There are 2 protein chains.
Amino acid sequence: MTRRVRLAEVAAHAGVSVSAVSLVMTGKDAGNIAPATRDRILASARELDYRPNSVAQSLRKQRSHAVGLVTDAIATSPFAGRIIGGAMDTAAERGYVLLLFDSQDRREEEAEGMAELARRQVDGFLYATMSLVELATPPPTTLPLVLANCYVGGEPTGGVAVPAVIPDDLEGGRAAAEHLLALGHRRIVMLSAPGAGRRSGPGGFPIVGNASGPLRAQGFVAALTEAGVARPERAVRVCGWDIDDGYAGAMAVLAGADGQALPERERPSAIFAVTDRSAAGVILAAARLGLDVPRDLSVVGFDDQEALAERLSPPLTTCALPHRAMGEVAMSWLLDGLATGGSRREIVARDAVHRLACPLIVRSSTAAAPTP
Amino acid sequence: MTRRVRLAEVAAHAGVSVSAVSLVMTGKDAGNIAPATRDRILASARELDYRPNSVAQSLRKQRSHAVGLVTDAIATSPFAGRIIGGAMDTAAERGYVLLLFDSQDRREEEAEGMAELARRQVDGFLYATMSLVELATPPPTTLPLVLANCYVGGEPTGGVAVPAVIPDDLEGGRAAAEHLLALGHRRIVMLSAPGAGRRSGPGGFPIVGNASGPLRAQGFVAALTEAGVARPERAVRVCGWDIDDGYAGAMAVLAGADGQALPERERPSAIFAVTDRSAAGVILAAARLGLDVPRDLSVVGFDDQEALAERLSPPLTTCALPHRAMGEVAMSWLLDGLATGGSRREIVARDAVHRLACPLIVRSSTAAAPTP
DNA sequence: TTGTACGCGTTATCAA
DNA sequence: TTGATAACGCGTACAA
């Protein structure tokens, strides 16, 4: 165990004062320290393997260069962890480190978790959620704050909005629908998922609920409406987020009471599933019914979930959630704000909520509609 | 923005000395501070909302009560993030906070990432990997260290082994096989995955590779051998980890050259897939072939992956990877070690590598073998 | 029982 | 161009 080397030891080793070493280590030596002295100090530092103690630096400079990463379940979620990757890389690039607090959906613990991190003198917070949710109230902190994958609904609290970076689920839904329409599909069903249900733990700040299902459906309906499809709202069925939900939904739509596939004209030629998992259920249902994807049925998913969308048989056409980009952009905003003074208001000076595109990834689960 | 309150301000407010406040705040007031004074101090602290500055505490006490959580891709992985959950809860319970560094599989960055955290004065490290891997060399640090979901292969370096907590994949594989055998299956195929391929980035420490596939296969073969099944090694096919791998593997085993399902006696009555994802592919293949699960084919997976195993149609019988427990146990070891002196040797005093059971979760994808 | 003084490792100010 | 010294906020021996 190599002992920790203090700055003072480097000074002694090089035969100079601590301030000289400090100036050199912080790069403020230009015009202050003779090059020869500088080199001697650097040599000593290297030889002793000196590493500045950032705890002491934080105390002295009143800046920790650490930010709190607070998440609801993201560190344990199937795929949204990419937000962490983006945030971490961006932070590391700029010399920041991440203090993690994941409430694992016990929202009432978030307040004390954030308080603990504040006690640790984090310079600001990134608050990220597993799925797109509307928060009824901002996370409880007075430190600089940026949201990722969530946003504060309603009117700005106290006149100051909380900056947020979220995916553009609505446009994603529209893109998915337009892709199918362009392929000639007209009998299209969307398997959606329930929207906002108000939730909140005791002592936790309230959230309004998952918002992405309805948004995707809204974009879907808009596209169908513009294409002149009659009564597109009826094409939306509210099922759920998971494989079994997609399976059940597809069965209900594709099969008759006898459990056999309906005749081609009576069943949809394409299904837009609200998640890749749901789409996996659809593909499974199609297989059970003897329907070939994409010949008999086109399927579009949403999320571009790792190890799923690309690996299905056939590989799934889907809308990619820009998780990594959300992490990067949100962290950039936060650090920019910290650099230029740190007041939350300055961060907000940009758009309060910024939407990132969900690009459509076309794979093999979609094909032209059968010609009538 | 409520200004930060220092201990000195509390002292002034309560009309006492700083040391009195300090004694009370650290709980060392018994027999030192008059109860009345104590209450006055507590009242002032509450009123001013005083929070001890842990940066200053760390500097003074030379302990940060922070540990570095270093991961290869875990924060961004489909399911292994449960390790983080377990580690975080255990740490929080004991007043520790987590500094996150995720290399996102860029192993050459781990050394400098850990160095940065060491600079931040973390008291120790938890090193966790996404999948069970054998490391050729321990992560580069002299601080107390515990591994989760990975272990250092070969002889202990420098005479001191690195403590590790890993899943017992071998016993899991055995349990899966025994479950199928108990159901009367004899024609069982395992769809395994390739094992250790030596990897390493420039400057990164080498790892030997993923070890769980071969271990699961080894347990599987052992069970079959004990049951008297002939040539069980031939029952293992090396495919891959993902849905498409399982799909292809199942097709190869269940279907003939014409793409139709083989007659019952010529195909396996049960398939053990190396992961739940692979098992999903198997189920999909069975559906395409018109085979019913579990009537015509029993399927067992491995991992108990969230939002997958339980949500498949039918819900999947599988071996649960004890991710959360690994995080908890590994963190407990680390913190115990830190408490009792902190030398790595003391942590090792327990077993160097501890294997956690992978309990079999029986759901609906397995049933008795068809009677001959 | 309370208060004083010093140290933790660093940076910033100011004098030499 | 350098070096001594005072903070940063807290913990703790030791003196009062």
# chains A, B, ... in the order shown; residues from 1 in each chain; ligands from 1

$ residues_around --residues "range 9-15 of chain D" --least-positions-apart "4" --cutoff "12 Å" --atoms "only C-alpha atoms (C1' of nucleotides)" --output "NGL selection string"
(:A and (56 or 58-60 or 62 or 121)) or (:B and (4-9 or 18-26 or 28 or 51-62)) or (:C and (2-8))

$ select_by_dssp --residues "range 202-363 of chain B" --states "strand (DSSP E or B)" --output "list of chain:residue names"
B:Ile207, B:Val208, B:Gly209, B:Asn210, B:Val236, B:Arg237, B:Val238, B:Ala255, B:Ala261, B:Ala270, B:Ile271, B:Phe272, B:Ala273, B:Ser298, B:Val299, B:Val300, B:Gly301, B:Phe302, B:Asp303, B:Thr317, B:Thr318, B:Cys319, B:Ala320, B:Val353, B:His354, B:Arg355, B:Leu356, B:Leu360, B:Ile361

$ atom_distance --atom1 "CA of Asn210 in chain B" --atom2 "CA of Ile361 in chain B"
23.5 Å

$ interface_residues --of "chain D" --to "chain A" --cutoff "7 Å" --atoms "only C-alpha atoms (C1' of nucleotides)" --output "NGL selection string"
:D and (1 or 3 or 8)

$ write_last_selection --atoms "C-alpha atoms (C1' of nucleotides)" --output "PDB file, in the first residue's frame"
ATOM      1  C1'  DT D   1      10.273  35.064  -8.813  1.00  0.00           C
ATOM      2  C1'  DG D   3       7.844  31.955   0.363  1.00  0.00           C
ATOM      3  C1'  DC D   8     -11.907  26.393   3.946  1.00  0.00           C
TER       4       DC D   8
END

$ interface_residues --of "chain C" --to "chain A" --cutoff "12 Å" --atoms "only C-alpha atoms (C1' of nucleotides)" --output "VMD selection string"
chain C and resid 8 to 13
